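Here is the structure we will look at.
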Amino acid sequence: MVVMTDIYENVMELAKRRGFIWPAAECYGSVAGFVDYGPLGAMMKRKIENIWRDFYVVREGYYEIECPTIGIEPIFVASGHVKGFSDIMCQCPHCGEYLRADHVVAAAGGKWPGGGSHDAIAEVLRHVPCTSCGTKLGPVAVFDFNLMFQTSIGPGSQRKGYLRPETAQGMFTDFGRLLRFYRDKLPFGAVQIGKAFRNEISPRQGMIRLREFTQAEAEIFVHPGEKNHPSFARYRGYRVPLLSCLHQQQGQEPELIPMGDAVRAGIIASEYVAYYIALTHDILVTIGVDPAKIRFRQHMMDERAHYAADCWDAEFHSPRFGWVEVVGIADRTDYDLKAHAAHSGLSFTAYIPYETPLVVQRRRIIPNMGRLGPRFRNRAKKVAEAIEHGIPGDQGMEITLENELIHVPPELYEVKDETVEVRGEEVVPHVIEPSYGIDRMIYAVLEHSYTEEEVEGELRRVLRFPPWVAPVQVAVFPLMPRDGLDEFAHTLVDSLAAENMVAEYDDNGAIGRRYRRQDEVGTPYAITIDYETKDDGTVTIRERDSMAQVRVPIEKVPEILRSLIRGTLTFSQLNV
RNA sequence: GCGCCGAUAGUGUAGUGGUUAUCACUAGGCGUUGCCAACGCCUAAACCCGGGUUCGAAUCCCGGUCGGCGCACCA
């Protein structure tokens, strides 16, 4: 094994050179936080997204929706992003450093005028020192910095819009429609894969922190009292490296725990959260993230959003960046739906019928408006409301209205005792949210797939992608570009393409060089047409990882490759 | 965003205030080659952008952009 000096640089150099990832708009000098996916990168991204769809849409049955990337202001006022995503900042007039105003005040031991005006904040700031250069700030400009990109909709800036900072809000705002689509039954889920945007102050670390990135998010709406997943059995015994709050407090290493045990021991809050932790692990391993470099870290209470009942991050390990978050799995409770209900004035509830209707004795007090009106005039309505909630006695009832005690005689209302059947209740569902950063997943796969080894004194670089992730599935080489071998090769490429496989023809240079070119972009199999093909119609299939070869009849190649790429056949099985 | 450092073919690099900017790999073409970056010949390909100093700037200076590191930021 060759020593890899800096895997990040080697991987990114390869990714750039071979058409996976490019800096965006390079001819104009690029902008930090934006990348282009080149031909192979875009292909690979689609494959990873489709694997994600296989898990969430095909298997879980959570349909995919697609909402605009521009959202109007009320959405993000309700979601809290307009407030919570913005920081009040100031710039030190002495050293030019941009500072978070609240941090500066806190560092000086001052009192933060939370909710105060910018002027009030500036007044506090002028007496405290800069956290960067230590000079007393003096008069300083205070401004909001919002991580959301802002735009205006229509001419004349009539309506403020934001580029969505997450795809999740679409599933929340569509809740009512989705509920009807799923025929008013909990649980149900909806997913979305799409772009999200955050105007990071200083994005670095290549693909790890982007200003425009792709998210895959699922929102699963469940009954607040029923957080057992109907298919939990699938993952009950599935073991995942968990780093709980307790593990972190005690400085322990992650521990492989079966999901069933983790829920029973209370490490994970519910079966739902555990189920998606396991499913996430399943997805990450399927796309080619090294299972030895994955862990699930529970958010500590102080880093958790106040409404989150539980929250776990899937992290992968990179020698360059350490542990990097790729997926967040949270029980967001009813926070989002309640917020949208409050701001929109609509109801975000599901009606849950009881198995057996409840028979309830109910006493209703009906004010007699015909008598209340003339007696209380403009206060009649308020008196009526108070009566409805009052306690009637033999001599009428006492109510308090604007600090005034009022006696209401019994003839002003009627008391009705009735028996009612309550058939169900309106509940605000809780939301289980697994949220994936597709770009980070792609980086993890690139880095974990990348290997360098020495073969006969030469450096061999291989991207050991799983066959179902590789952008090119198979390469076809005529041993010599003549004698009809090239004809055989072209025909084979066509029949592979007819089977929906991306097959690349190459007759340029020595055969070994061609194998190496494909190794470098992770093509799992290569077919070579040689002179034996002309005699007996067989070709060789060469496996990327072992470099071993097996001879098979040419007409069986498409079928064999299909099985190899699906994973229903292994290369070693071909030997027998 | 601040500070320090850097930027030369697709990649990795050498080098200089003054002729045609070095080398290797890669890539393309031709020949050769009967399965793992072989060989020969040929070809293509670069001084990050803008301004300044200068007779002359890719080289020196200033600003910007991008990248690295440290700080700050990172729902």
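The way I read the labels, and the way they are meant: chains A, B, ... in the order of the structure tokens, residue 1 as the first residue of every chain, and ligand 1 as the first ligand shown, with later ones counted on from there.
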Please provide the set of residues having any atom within 9 Å of Arg566 (chain A), restricted to only C-alpha atoms (C1' of nucleotides), with same-chain residues fewer than 4 positions apart removed, written as a ChimeraX atom specification. /A:467-468,561-562
Would you tabulate, counting only C-alpha atoms (C1' of nucleotides), all residues of chain B that have an atom at most 8 Å from an atom of chain A, showing the closest pair of atoms and their distance in Å to one decimal, sorted by chain then ascending number, as JSON lines?
{"residue": "B:G1", "atom": "C1'", "partner": "A:Tyr98", "partner_atom": "CA", "distance": 5.7}
{"residue": "B:C2", "atom": "C1'", "partner": "A:Glu97", "partner_atom": "CA", "distance": 5.2}
{"residue": "B:G10", "atom": "C1'", "partner": "A:Arg17", "partner_atom": "CA", "distance": 6.5}
{"residue": "B:U11", "atom": "C1'", "partner": "A:Arg17", "partner_atom": "CA", "distance": 7.3}
{"residue": "B:U33", "atom": "C1'", "partner": "A:Ala510", "partner_atom": "CA", "distance": 7.7}
{"residue": "B:G34", "atom": "C1'", "partner": "A:Leu479", "partner_atom": "CA", "distance": 7.7}
{"residue": "B:C35", "atom": "C1'", "partner": "A:Ile511", "partner_atom": "CA", "distance": 6.4}
{"residue": "B:C36", "atom": "C1'", "partner": "A:Gly512", "partner_atom": "CA", "distance": 3.7}
{"residue": "B:A37", "atom": "C1'", "partner": "A:Arg513", "partner_atom": "CA", "distance": 4.4}
{"residue": "B:A38", "atom": "C1'", "partner": "A:Ala510", "partner_atom": "CA", "distance": 7.8}
{"residue": "B:C48", "atom": "C1'", "partner": "A:Gly29", "partner_atom": "CA", "distance": 7.3}
{"residue": "B:C49", "atom": "C1'", "partner": "A:Gly29", "partner_atom": "CA", "distance": 7.7}
{"residue": "B:U65", "atom": "C1'", "partner": "A:Gly29", "partner_atom": "CA", "distance": 5.9}
{"residue": "B:C66", "atom": "C1'", "partner": "A:Gly29", "partner_atom": "CA", "distance": 6.5}
{"residue": "B:A72", "atom": "C1'", "partner": "A:Leu99", "partner_atom": "CA", "distance": 7.3}
{"residue": "B:C73", "atom": "C1'", "partner": "A:Ile201", "partner_atom": "CA", "distance": 6.2}
{"residue": "B:C74", "atom": "C1'", "partner": "A:Glu200", "partner_atom": "CA", "distance": 7.4}
{"residue": "B:A75", "atom": "C1'", "partner": "A:Phe85", "partner_atom": "CA", "distance": 5.7}
In Å, rounded to a single decimal, give me how far C1' of G17 (chain B) is from C1' of G50 (chain B).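 It comes out at 20.4 Å.
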Could you check how far CA of Glu425 (chain A) sits from CA of Tyr351 (chain A), in Å to one decimal?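 According to the coordinates, CA of Glu425 (chain A) and CA of Tyr351 (chain A) are separated by 5.5 Å.
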I'd like to know which residues of region 247-334 of chain A are alpha helix (DSSP H) (by DSSP, run on the backbone); could you write them as a PyMOL selection string? chain A and resi 247-249+259-264+271-287
Name the residues in contact with A57 (chain B) at a cut-off of 12 Å, using only C-alpha atoms (C1' of nucleotides), excluding same-chain residues fewer than 6 positions from it; report them as a list in words. U16, G17, G18 and C47 of chain B
Suppose we keep N, CA, C and O atoms (P, O5', C5', C4', C3', O3' and C1' of nucleotides); can you now write the selection as an mmCIF file, in the first residue's frame?
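This went into selection-v6.cif:
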data_model
loop_
_atom_site.group_PDB
_atom_site.id
_atom_site.type_symbol
_atom_site.label_atom_id
_atom_site.label_comp_id
_atom_site.auth_asym_id
_atom_site.auth_seq_id
_atom_site.Cartn_x
_atom_site.Cartn_y
_atom_site.Cartn_z
ATOM 1 P P U B 16 14.838 31.620 -10.672
ATOM 2 O "O5'" U B 16 14.912 32.924 -11.552
ATOM 3 C "C5'" U B 16 15.985 33.131 -12.476
ATOM 4 C "C4'" U B 16 15.497 33.963 -13.622
ATOM 5 C "C3'" U B 16 14.756 35.234 -13.229
ATOM 6 O "O3'" U B 16 15.644 36.293 -12.902
ATOM 7 C "C1'" U B 16 13.526 34.096 -14.883
ATOM 8 P P G B 17 15.099 37.555 -12.050
ATOM 9 O "O5'" G B 17 13.943 38.167 -12.958
ATOM 10 C "C5'" G B 17 13.582 39.522 -12.866
ATOM 11 C "C4'" G B 17 13.136 40.050 -14.213
ATOM 12 C "C3'" G B 17 14.278 40.518 -15.105
ATOM 13 O "O3'" G B 17 13.957 40.246 -16.466
ATOM 14 C "C1'" G B 17 12.705 42.232 -14.867
ATOM 15 P P G B 18 14.427 38.940 -17.028
ATOM 16 O "O5'" G B 18 14.360 39.222 -18.600
ATOM 17 C "C5'" G B 18 13.083 39.210 -19.265
ATOM 18 C "C4'" G B 18 13.266 39.541 -20.724
ATOM 19 C "C3'" G B 18 14.464 38.863 -21.369
ATOM 20 O "O3'" G B 18 14.173 38.575 -22.728
ATOM 21 C "C1'" G B 18 14.743 41.207 -21.452
ATOM 22 P P C B 47 -1.691 31.325 -20.193
ATOM 23 O "O5'" C B 47 -0.424 31.616 -19.293
ATOM 24 C "C5'" C B 47 -0.531 32.473 -18.170
ATOM 25 C "C4'" C B 47 0.151 31.829 -16.984
ATOM 26 C "C3'" C B 47 0.327 32.748 -15.780
ATOM 27 O "O3'" C B 47 0.173 31.968 -14.601
ATOM 28 C "C1'" C B 47 2.451 31.992 -16.508
#
Test item: residues at most 12 Å from U43 (chain B), only C-alpha atoms (C1' of nucleotides), excluding those fewer than 3 positions along its chain, as a list of chain:residue names: B:A27, B:G28, B:G29, B:C30
Among region 187-421 of chain A, which residues carry a DSSP assignment of strand (DSSP E or B), reported as an MDAnalysis selection string? chainID A and resid 188:197 212:222 239:243 255:258 294:298 310:318 322:333 350:367 393 396:401 404:408 413:421
